[in-house]
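**Q** Handing over entry04.csv, CSV, C-alpha atoms.
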```csv
chain,number,residue,atom,x,y,z
A,88,MET,CA,30.1,37.9,25.1
A,89,ARG,CA,29.9,34.9,27.5
A,90,ILE,CA,27.8,32.0,26.2
A,91,THR,CA,26.3,30.1,29.0
A,92,ARG,CA,25.3,26.4,29.0
A,93,ARG,CA,21.7,27.5,29.3
A,94,VAL,CA,22.0,29.6,26.1
A,95,LEU,CA,23.5,26.7,24.2
A,96,ILE,CA,20.7,24.3,25.3
A,97,MET,CA,18.1,26.8,24.3
A,98,ALA,CA,19.8,27.3,20.9
A,99,ALA,CA,19.9,23.5,20.3
A,100,GLY,CA,16.2,23.2,21.2
A,101,LEU,CA,15.3,26.0,18.8
A,102,SER,CA,17.3,24.3,16.1
A,103,MET,CA,15.5,21.1,16.6
A,104,ILE,CA,12.1,22.8,16.5
A,105,ALA,CA,13.1,24.6,13.3
A,106,GLY,CA,14.3,21.3,11.8
A,107,THR,CA,11.0,19.7,12.6
A,108,ALA,CA,9.1,22.6,11.3
A,109,MET,CA,10.9,22.4,8.0
A,110,ALA,CA,10.2,18.6,7.5
A,111,GLN,CA,7.4,18.1,5.0
A,112,PRO,CA,4.5,16.1,6.4
A,113,VAL,CA,3.8,13.1,4.2
A,114,THR,CA,1.3,10.2,4.4
A,115,MET,CA,2.7,6.9,3.1
A,116,ALA,CA,0.4,3.9,2.3
A,117,THR,CA,1.2,0.2,2.8
A,118,GLU,CA,-0.9,-2.9,2.5
A,119,ALA,CA,0.9,-4.3,5.5
A,120,SER,CA,0.2,-7.9,4.7
A,121,PHE,CA,2.9,-9.0,2.4
A,122,PRO,CA,5.8,-10.4,4.5
A,123,PRO,CA,8.7,-10.1,4.6
A,124,PHE,CA,8.1,-6.7,2.9
A,125,SER,CA,5.4,-5.5,5.1
A,126,LYS,CA,3.2,-7.0,7.9
A,127,THR,CA,0.9,-5.8,10.7
A,128,GLU,CA,2.1,-6.7,14.1
A,129,ALA,CA,-0.2,-7.8,17.0
A,130,ASP,CA,-0.2,-4.3,18.4
A,131,GLY,CA,-1.3,-2.8,15.1
A,132,SER,CA,2.1,-1.4,14.2
A,133,TYR,CA,3.7,-2.1,10.8
A,134,ALA,CA,7.0,-3.9,10.2
A,135,GLY,CA,9.1,-5.4,7.4
A,136,PHE,CA,11.7,-4.6,4.8
A,137,GLU,CA,9.6,-1.9,3.1
A,138,ILE,CA,8.7,-0.3,6.4
A,139,ASP,CA,12.3,0.1,7.4
A,140,LEU,CA,13.3,1.2,3.9
A,141,GLY,CA,10.4,3.7,3.7
A,142,ASN,CA,11.3,5.2,7.1
A,143,GLU,CA,14.9,5.6,5.9
A,144,VAL,CA,13.8,7.2,2.7
A,145,CYS,CA,11.7,9.7,4.7
A,146,LYS,CA,14.7,10.5,7.0
A,147,ARG,CA,17.0,11.1,4.0
A,148,ALA,CA,14.5,13.1,2.1
A,149,GLY,CA,13.6,15.4,5.1
A,150,LEU,CA,10.0,14.1,5.2
A,151,GLU,CA,7.9,13.6,8.3
A,152,CYS,CA,6.1,10.4,7.3
A,153,THR,CA,3.0,8.8,8.7
A,154,TRP,CA,2.1,5.3,7.6
A,155,VAL,CA,-1.5,4.4,6.8
A,156,LYS,CA,-3.0,1.0,5.8
A,157,GLN,CA,-4.5,0.6,2.3
A,158,ASP,CA,-5.6,-2.4,0.3
A,159,PHE,CA,-3.4,-3.0,-2.6
A,160,ASP,CA,-6.3,-3.2,-5.0
A,161,GLY,CA,-7.5,0.4,-5.3
A,162,ALA,CA,-4.3,2.0,-4.0
A,163,ILE,CA,-3.7,4.1,-7.1
A,164,ALA,CA,-7.3,5.4,-7.1
A,165,ALA,CA,-6.9,6.3,-3.4
A,166,LEU,CA,-3.6,8.1,-4.2
A,167,GLN,CA,-5.3,10.1,-6.9
A,168,ALA,CA,-8.1,11.0,-4.6
A,169,LYS,CA,-5.4,12.4,-2.2
A,170,LYS,CA,-6.1,10.1,0.6
A,171,PHE,CA,-2.3,9.8,1.0
A,172,ASP,CA,0.9,11.1,-0.7
A,173,ILE,CA,3.0,8.0,-1.5
A,174,ILE,CA,2.3,4.3,-2.1
A,175,PHE,CA,5.2,2.3,-0.6
A,176,SER,CA,3.8,-1.2,-1.0
A,177,SER,CA,5.5,-3.5,-3.5
A,178,MET,CA,3.9,-2.0,-6.6
A,179,SER,CA,5.6,-3.1,-9.8
A,180,ILE,CA,6.6,-0.5,-12.3
A,181,LYS,CA,4.5,-1.0,-15.4
A,182,PRO,CA,3.8,1.2,-18.5
A,183,GLU,CA,0.0,1.2,-18.0
A,184,ARG,CA,0.5,2.4,-14.4
A,185,GLN,CA,3.0,5.0,-15.5
A,186,LYS,CA,0.4,6.6,-17.6
A,187,VAL,CA,-1.6,7.7,-14.6
A,188,VAL,CA,1.0,8.0,-11.8
A,189,ASP,CA,4.8,8.6,-11.4
A,190,PHE,CA,7.1,6.0,-10.0
A,191,SER,CA,10.4,6.5,-8.1
A,192,LEU,CA,13.5,4.6,-9.1
A,193,PRO,CA,12.9,0.9,-8.5
A,194,TYR,CA,14.0,0.0,-5.0
A,195,TYR,CA,13.8,-3.8,-5.2
A,196,ASN,CA,13.4,-6.5,-7.9
A,197,VAL,CA,12.1,-10.0,-7.3
A,198,ALA,CA,11.0,-12.7,-9.8
A,199,THR,CA,7.6,-14.6,-9.5
A,200,GLY,CA,7.0,-18.3,-8.8
A,201,VAL,CA,4.2,-20.9,-8.7
A,202,PHE,CA,3.8,-22.6,-5.3
A,203,ALA,CA,1.7,-25.8,-4.8
A,204,ARG,CA,1.5,-28.9,-2.8
A,205,LYS,CA,4.4,-31.3,-3.5
A,206,GLY,CA,3.8,-33.6,-6.4
A,207,VAL,CA,0.6,-31.9,-7.6
A,208,LEU,CA,2.1,-30.0,-10.5
A,209,LYS,CA,5.0,-31.2,-12.6
A,210,ALA,CA,5.4,-28.3,-15.0
A,211,VAL,CA,4.1,-24.7,-15.2
A,212,PRO,CA,2.2,-23.2,-16.8
A,213,ALA,CA,1.1,-26.3,-18.6
A,214,ASP,CA,-0.2,-28.1,-15.6
A,215,LEU,CA,-2.2,-25.1,-14.3
A,216,ASP,CA,-5.0,-25.7,-16.8
A,217,GLY,CA,-8.3,-26.2,-14.9
A,218,LYS,CA,-6.7,-25.3,-11.6
A,219,LYS,CA,-7.6,-22.6,-9.0
A,220,VAL,CA,-4.7,-20.3,-8.7
A,221,GLY,CA,-4.4,-17.6,-6.0
A,222,VAL,CA,-2.9,-14.2,-6.6
A,223,TYR,CA,-2.5,-11.0,-4.7
A,224,GLY,CA,-5.6,-9.0,-5.8
A,225,GLY,CA,-4.8,-6.1,-8.2
A,226,SER,CA,-1.1,-7.1,-8.5
A,227,THR,CA,1.0,-7.5,-11.6
A,228,GLN,CA,0.7,-11.3,-11.0
A,229,ASP,CA,-3.1,-11.0,-11.0
A,230,ILE,CA,-3.1,-9.2,-14.4
A,231,TYR,CA,-0.4,-11.5,-15.8
A,232,ALA,CA,-2.2,-14.7,-14.8
A,233,ARG,CA,-5.5,-13.6,-16.3
A,234,GLN,CA,-3.8,-12.7,-19.6
A,235,ASN,CA,-1.4,-15.6,-19.9
A,236,PHE,CA,-2.9,-18.7,-18.1
A,237,PRO,CA,-6.0,-19.7,-20.2
A,238,GLY,CA,-8.2,-22.3,-18.5
A,239,VAL,CA,-7.1,-21.2,-15.0
A,240,GLU,CA,-9.5,-19.9,-12.4
A,241,VAL,CA,-7.7,-16.9,-11.0
A,242,ARG,CA,-8.7,-16.1,-7.4
A,243,PRO,CA,-7.6,-12.7,-5.9
A,244,TYR,CA,-6.7,-12.3,-2.3
A,245,LYS,CA,-6.0,-9.4,0.0
A,246,SER,CA,-3.0,-11.0,1.7
A,247,VAL,CA,-0.5,-13.8,1.2
A,248,ASP,CA,-1.6,-15.2,4.6
A,249,LEU,CA,-5.2,-15.6,3.4
A,250,MET,CA,-4.0,-17.1,0.1
A,251,SER,CA,-1.6,-19.6,1.7
A,252,ALA,CA,-4.3,-20.6,4.3
A,253,ASP,CA,-6.6,-21.5,1.4
A,254,LEU,CA,-3.8,-23.3,-0.3
A,255,VAL,CA,-3.2,-25.4,2.8
A,256,ALA,CA,-6.9,-26.1,3.1
A,257,GLY,CA,-7.2,-27.2,-0.5
A,258,ARG,CA,-9.5,-24.4,-1.6
A,259,ILE,CA,-6.9,-23.4,-4.3
A,260,ASP,CA,-4.4,-25.5,-6.1
A,261,ALA,CA,-1.5,-23.1,-6.3
A,262,MET,CA,-0.3,-19.6,-5.6
A,263,PHE,CA,1.3,-17.3,-8.2
A,264,VAL,CA,3.3,-14.8,-6.1
A,265,GLU,CA,6.7,-13.1,-5.8
A,266,ASP,CA,9.3,-15.6,-4.8
A,267,LEU,CA,10.3,-14.2,-1.4
A,268,PRO,CA,6.8,-14.2,0.1
A,269,GLY,CA,6.4,-17.7,-1.4
A,270,GLN,CA,9.6,-18.9,0.2
A,271,GLU,CA,8.6,-17.4,3.5
A,272,PHE,CA,5.5,-19.5,3.4
A,273,LEU,CA,7.5,-22.7,2.6
A,274,ALA,CA,9.7,-22.0,5.6
A,275,LYS,CA,6.8,-22.1,8.0
A,276,PRO,CA,5.5,-25.4,9.5
A,277,GLU,CA,2.3,-25.2,7.5
A,278,GLY,CA,4.4,-24.9,4.3
A,279,LYS,CA,6.4,-28.1,4.8
A,280,ASP,CA,4.3,-30.1,2.3
A,281,PHE,CA,4.5,-27.5,-0.4
A,282,GLU,CA,7.1,-26.5,-3.0
A,283,ARG,CA,7.9,-24.0,-5.7
A,284,VAL,CA,7.2,-25.6,-9.1
A,285,GLY,CA,9.5,-25.0,-12.1
A,286,ASP,CA,11.6,-22.0,-12.9
A,287,LEU,CA,10.9,-18.4,-11.8
A,288,PHE,CA,9.0,-16.2,-14.1
A,289,LYS,CA,11.1,-13.2,-15.3
A,290,ASP,CA,8.8,-12.0,-18.1
A,291,PRO,CA,9.3,-8.2,-18.6
A,292,SER,CA,5.5,-7.8,-18.5
A,293,LEU,CA,5.7,-8.7,-14.8
A,294,GLY,CA,7.3,-5.3,-14.2
A,295,ALA,CA,10.7,-3.6,-14.1
A,296,GLY,CA,11.1,-3.7,-10.4
A,297,VAL,CA,9.1,-2.1,-7.5
A,298,GLY,CA,8.9,1.6,-6.9
A,299,ALA,CA,7.3,4.2,-4.7
A,300,VAL,CA,4.3,5.8,-6.3
A,301,VAL,CA,3.2,9.4,-6.3
A,302,ARG,CA,0.7,11.5,-8.2
A,303,LYS,CA,1.7,12.8,-11.7
A,304,GLY,CA,4.1,15.7,-11.5
A,305,ASP,CA,4.6,15.5,-7.7
A,306,PRO,CA,8.1,16.8,-6.7
A,307,LEU,CA,8.1,14.1,-4.0
A,308,LYS,CA,9.4,11.8,-6.8
A,309,ALA,CA,12.8,13.6,-7.0
A,310,LYS,CA,13.2,13.6,-3.2
A,311,VAL,CA,12.5,9.9,-3.0
A,312,ASP,CA,14.9,9.2,-5.9
A,313,ASP,CA,17.7,11.1,-4.2
A,314,ALA,CA,17.1,9.3,-0.9
A,315,LEU,CA,17.2,5.9,-2.7
A,316,ARG,CA,20.5,6.8,-4.4
A,317,ALA,CA,22.0,7.7,-1.0
A,318,ILE,CA,20.6,4.5,0.7
A,319,TYR,CA,22.1,2.3,-2.0
A,320,GLY,CA,25.3,4.3,-2.1
A,321,ASP,CA,26.3,4.0,1.5
A,322,GLY,CA,25.4,0.3,2.2
A,323,THR,CA,22.2,1.0,4.1
A,324,PHE,CA,20.1,-1.0,1.6
A,325,GLU,CA,22.2,-4.1,2.3
A,326,LYS,CA,21.7,-3.7,6.1
A,327,ILE,CA,18.0,-3.5,5.8
A,328,GLU,CA,18.0,-6.4,3.3
A,329,ALA,CA,20.0,-8.6,5.7
A,330,LYS,CA,17.7,-7.8,8.6
A,331,TRP,CA,14.5,-9.1,6.8
A,332,LEU,CA,15.5,-11.4,4.1
A,333,PRO,CA,17.3,-14.9,4.0
A,334,ALA,CA,21.1,-14.9,3.9
A,335,GLY,CA,22.4,-14.6,0.3
A,336,THR,CA,19.2,-12.9,-1.0
A,337,ASN,CA,19.9,-10.1,-3.5
A,338,ILE,CA,16.9,-8.0,-4.5
A,339,ARG,CA,18.9,-4.9,-5.5
A,340,ALA,CA,17.3,-2.9,-8.3
A,341,ASP,CA,20.0,-0.3,-9.1
A,342,ASN,CA,20.9,-2.3,-12.2
A,343,LEU,CA,17.6,-1.1,-13.6
A,344,TRP,CA,18.3,2.6,-13.1
```
For this file, write the structure as structure tokens.
**A**
Amino acid sequence: MRITRRVLIMAAGLSMIAGTAMAQPVTMATEASFPPFSKTEADGSYAGFEIDLGNEVCKRAGLECTWVKQDFDGAIAALQAKKFDIIFSSMSIKPERQKVVDFSLPYYNVATGVFARKGVLKAVPADLDGKKVGVYGGSTQDIYARQNFPGVEVRPYKSVDLMSADLVAGRIDAMFVEDLPGQEFLAKPEGKDFERVGDLFKDPSLGAGVGAVVRKGDPLKAKVDDALRAIYGDGTFEKIEAKWLPAGTNIRADNLW
């Protein structure tokens, strides 16, 4: 039987259609205001380390993913209400959260720091007493600060940009955030008069890395886990890390697996 070029093209097209049909449609939520992990561009699109990593997870897992924006505070409730299928938005893995949702393997791990105007604070947490401290609303840092910093006025924010703007304006005295977003602020012109104070916080209660979040018992967890293993295994993680993070940064989390 003679196979013509036209037949081959038709067969390839049918194969692509079949592959697309087999891909599982999935909606993935991001806060999209936590650079360098996620941010909203001027045209409304999303970019950042987590966006690239999430897209790679979807490709490896055979998922047809659509990103949606969701405030971090309230993301778990929205997931349980089936407004989307996966949270891929820098959510720390913590026992109290694991009681109500399932987490993937941790895909990155970063310590937390206190950032303030140079010379204002000498030691933390001792010098935080009586101060106004910004946190990412609903985050692990938010919970930790309320439980461990007595005498501090904790102020939650919906984005690091809003928090850092208030820090520059003097409406808060410090930020308690993951080190990388804090360092990104310091690297900007408006961050030149600020510093990270003291050592990084590595308390286990701040979480055991960051993971993707799905509803309890959802088989998506296994697909995401397999994709993350492959991404770590072939060097793709390092390529995405190098694209978005400062040279020499290491946020690998596979030591926690």
**Q** Taking into account all atoms listed in the file, which residue in the set A:Asp214, A:Ser292, A:Val300, A:Tyr319 is nearest to A:Lys186?
**A** A:Val300
**Q** Quick check, in Å to one decimal: how far apart do atom CA of A:Tyr133 and atom CA of A:Phe288 lie?
**A**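 These two atoms are separated by 29.1 Å.
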**Q** Looking at A:Val301, A:Glu328, A:Glu265, A:Gly217, which one is nearest to A:Val187, with distances taken over all atoms listed in the file?
**A**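 With all atoms listed in the file as the atom set, the closest residue is A:Val301.
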**Q** Excluding A:Asp341 and residues on its chain fewer than 4 positions from it, collect all residues at most 9 Å away from it, counting only C-alpha atoms, and give them as a ChimeraX atom specification.
**A** /A:192-195,316,319
**Q** Let me make sure I understand: among A:Asp130, A:Glu183, A:Glu137, A:Glu118, which one has the smallest atom-to-atom distance to A:Ala162 if we use only C-alpha atoms?
**A** A:Glu118
**Q** Within 10 Å of stretch 268-279 of chain A, which residues of stretch 174-222 of chain A show up? Give each one with its shortest atom-to-atom distance in Å (one decimal) and the two atoms involved, counting all atoms listed in the file, rows by chain then rising residue number, as a tab-separated table.
**A**
```
residue	atom	partner	partner_atom	distance
A:Thr199	CA	A:Gly269	CA	8.8
A:Gly200	CA	A:Gly269	CA	7.4
A:Val201	CA	A:Gly269	CA	8.3
A:Phe202	CA	A:Gly269	CA	6.8
A:Ala203	CA	A:Gly278	CA	9.5
A:Arg204	CA	A:Gly278	CA	8.6
A:Lys205	CA	A:Lys279	CA	9.1
```
